[in-house]
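Peer 1: To start, I am sharing the structure in question, which I have written as structure tokens.
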Amino acid sequence: MGPGGVYETWGDSVRPHPHIGLATVTYLYQGEFQHRDSLGTNQMIYPGAVNWMVAGNGVTHSERTSPSTRQNKHSLFGIQTWVALPEAHEDKPASFEHHSEDVLPMLNGEGKNIRLILGTAWGERSPVQTFSEMFYADAILQPGAKLPLPDGHEDRGIYVTSGSVIIAGETFDAGRMMVFRPGDPITVTAGEAGARLMLLGGETLNGPRYISWNFVASSREKLEAAKQAWMEGDFEHGRFKLPPGDNAEFIPFPGQHRN
């Protein structure tokens, strides 16, 4: 999401849309927006906080710049990550958690500022209730600072948001993502301008996942059932509901035409 320009009277607006089989992790570096969902949630999110929305069998949500935010100059920059749910949990009822920045673990020192958003790493645990072992962290590194990747997780990766890092003598700039072999001890070193990273990983899922539009599932049949339910548009009695307070419009399935 972004980095966006400076807006005077308008902002980013994502109309109501559905999800199944995943959890969305929304994390902002800059700006703010308003999350509404079909559970009745109405939550502002600010930098350093986390929104954890578990879609499960189905949820609908919108993400908009609030009316109060639009009254002043504003910009937006953040990352939303999708976490596929383990098969035993992908059909569970939807849920939502919000945690402010002051309750997420912080690790500071030696040129490093790390906020643990999800899971366990470096001896800390996030309060977010996940369904499998994982970690997800925001790290700001000063030039030359070194950061070892947490061990004990099968899969591990890094996304470089800004600056650069050096790994085994090779430099990786902003916009690059690296995925590492299980078990290899890995330490990253920030480049001459420092770096901001998203570090992530966890245990491997028990089987493949399929994706269609905003839907993720362990079978193509589940994707098709969700697609049909959304296209039917029965928001009063059907599988999907629209968010209270934001139900005047929605995003149709790609290629779907509505009167």
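Within each chain, counting starts at residue 1; across the structure tokens, chains are named A, B, ... in the order shown, with ligands numbered 1 upward in that order.
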Could you give me, as a list in words, the residues within 9 Å of A:Glu192, counting only C-alpha atoms and dropping anything in the same chain fewer than 6 positions from it?
Peer 2: Gln142, Pro143, Gly144, Gly163, Ser164 and Val165 of chain A
Peer 1: At a cut-off of 9 Å, using only C-alpha atoms, what residues contact A:Leu223? Leave out same-chain residues fewer than 6 positions from it and give the result as a list in words.
Peer 2: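 Within the cut-off, the hits are Ile20, Tyr210, Ile211, Ser212, Phe215, Val216 and Ala217 of chain A.
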Peer 1: Quick one: of A:His35, A:Lys222, A:Lys241, A:Arg181, who's nearest to A:Met53, counting only C-alpha atoms?
Peer 2: A:His35
Peer 1: Using only C-alpha atoms, which residues sit within 10 Å of A:Asp173 once same-chain residues fewer than 5 positions away are excluded, as a ChimeraX atom specification?
Peer 2: /A:159-166,191,195
Peer 1: From the DSSP assignment of the backbone, select every residue of stretch 9-245 of chain A that is strand (DSSP E or B), and format the answer as a ChimeraX atom specification.
Peer 2: /A:13-20,22-30,33-37,42-45,50-54,59-64,74,77-84,95-99,106-109,112-121,124-125,134-141,146-148,155-167,170-173,177-180,187-202,210-212,215-217
Peer 1: Rank nothing, just name the residue among A:Arg176, A:Lys146, A:Arg156, A:Arg15 nearest to A:Ala190, using only C-alpha atoms.
Peer 2: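 Distance minimum relative to A:Ala190 lands on A:Lys146.
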Peer 1: Report as a VMD selection string all protein, DNA and RNA residues lying within 7 Å of A:Ala121, evaluated on only C-alpha atoms, omitting residues in the same chain fewer than 4 positions from it.
Peer 2: chain A and resid 125 135 150
Peer 1: Find the spatial neighbours of A:Ile251, counting only C-alpha atoms, within a cut-off of 12 Å - ignore same-chain residues fewer than 3 positions away - and output them as a PyMOL selection string.
Peer 2: chain A and resi 13-19+60-62+213-214+230-231+233+242+247-248+254-258
Peer 1: Given only C-alpha atoms as the basis, pick out the residue of A:Pro127, A:Ser100, A:Ile79, A:His89 nearest to A:Met44.
Peer 2: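 Checking each candidate against A:Met44, we get A:Ser100 as the closest.
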Peer 1: So, counting only C-alpha atoms, which residue among A:Gly202, A:Gly207, A:Gly56, A:Gly31 is closest to A:Thr69?
Peer 2: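 Of A:Gly202, A:Gly207, A:Gly56, A:Gly31, the one nearest A:Thr69, counting only C-alpha atoms, is A:Gly31.
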Peer 1: Taking only C-alpha atoms into account, name the residue in A:Leu28, A:Val188, A:Leu85, A:Ala137 that is nearest to A:Ile114.
Peer 2: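 Looking at the shortest contact to A:Ile114, the residue is A:Ala137.
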Peer 1: Which is closest to A:Ser68 among A:Asp234, A:Glu32, A:Glu87, A:Asp246, if we use only C-alpha atoms?
Peer 2: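 Comparing A:Asp234, A:Glu32, A:Glu87, A:Asp246 against A:Ser68, the winner is A:Glu32.
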Peer 1: How many Å lie between atom CA of A:Ser126 and atom CA of A:Val50, rounded to one decimal?
Peer 2: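 Between these atoms lies a distance of 10.6 Å.
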Peer 1: Residues at most 10 Å from A:Leu107, counting only C-alpha atoms, excluding those fewer than 5 positions away in the same chain, as a compact mmCIF listing (two decimals) with N, CA and C atoms, in the first residue's frame?
Peer 2:
# COMPACT_ATOMS: atom_id res chain seq x y z
N LYS A 112 19.89 -1.74 15.89
CA LYS A 112 18.71 -2.47 15.41
C LYS A 112 17.47 -2.06 16.21
N ASN A 113 16.37 -1.88 15.51
CA ASN A 113 15.05 -1.70 16.13
C ASN A 113 14.10 -2.67 15.45
N ILE A 114 13.62 -3.66 16.20
CA ILE A 114 12.83 -4.75 15.62
C ILE A 114 11.50 -4.84 16.36
N ARG A 115 10.41 -4.82 15.61
CA ARG A 115 9.08 -5.04 16.20
C ARG A 115 8.58 -6.40 15.72
N LEU A 116 8.26 -7.29 16.67
CA LEU A 116 7.73 -8.61 16.34
C LEU A 116 6.21 -8.49 16.18
N TRP A 122 13.60 -14.63 18.38
CA TRP A 122 14.58 -13.98 19.24
C TRP A 122 14.14 -13.99 20.71
N GLY A 123 13.46 -15.05 21.12
CA GLY A 123 13.05 -15.19 22.51
C GLY A 123 11.81 -14.42 22.89
N GLU A 124 11.11 -13.82 21.93
CA GLU A 124 9.90 -13.04 22.21
C GLU A 124 8.70 -13.68 21.52
N ALA A 139 12.00 -4.68 10.84
CA ALA A 139 13.32 -4.37 11.38
C ALA A 139 13.90 -3.15 10.68
Peer 1: Near A:Asn206, counting only C-alpha atoms, which residues have an atom at most 12 Å away, once you skip same-chain residues fewer than 5 positions from it, shown as a list of chain:residue names?
Peer 2: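 The filter keeps A:Ala84, A:Leu85, A:Pro86, A:Glu87, A:Ala88, A:Ser132, A:Ser218.
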Peer 1: Let me see the file: selected residues, C-alpha atoms, as an mmCIF file, in the first residue's frame.
Peer 2:
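Listed below is the output, out-v6.cif:
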data_model
loop_
_atom_site.group_PDB
_atom_site.id
_atom_site.type_symbol
_atom_site.label_atom_id
_atom_site.label_comp_id
_atom_site.auth_asym_id
_atom_site.auth_seq_id
_atom_site.Cartn_x
_atom_site.Cartn_y
_atom_site.Cartn_z
ATOM 1 C CA ALA A 84 -2.744 -19.220 4.273
ATOM 2 C CA LEU A 85 -4.501 -21.034 7.103
ATOM 3 C CA PRO A 86 -3.728 -24.662 8.016
ATOM 4 C CA GLU A 87 -6.338 -26.991 6.553
ATOM 5 C CA ALA A 88 -7.852 -27.696 9.979
ATOM 6 C CA SER A 132 0.683 -22.339 13.211
ATOM 7 C CA SER A 218 -6.714 -26.214 -0.116
#
Peer 1: How far is it from atom CA of A:Ala145 to atom CA of A:Pro182, in Å with one decimal?
Peer 2: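 These two atoms are separated by 23.5 Å.
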Peer 1: Work out how far atom CA of A:Ser95 is from atom CA of A:Glu224, in Å to one decimal.
Peer 2: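 Rounded to one decimal, the two atoms are 22.5 Å apart.
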Peer 1: From a DSSP calculation on the backbone, collect every residue of stretch 2-224 of chain A in helix (DSSP H, G or I) and output the set as a list in words.
Peer 2: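 Those residues are Thr69, Arg70, Gln71, Glu101, Asp102, Val103, Arg220, Glu221, Lys222, Leu223 and Glu224 of chain A.
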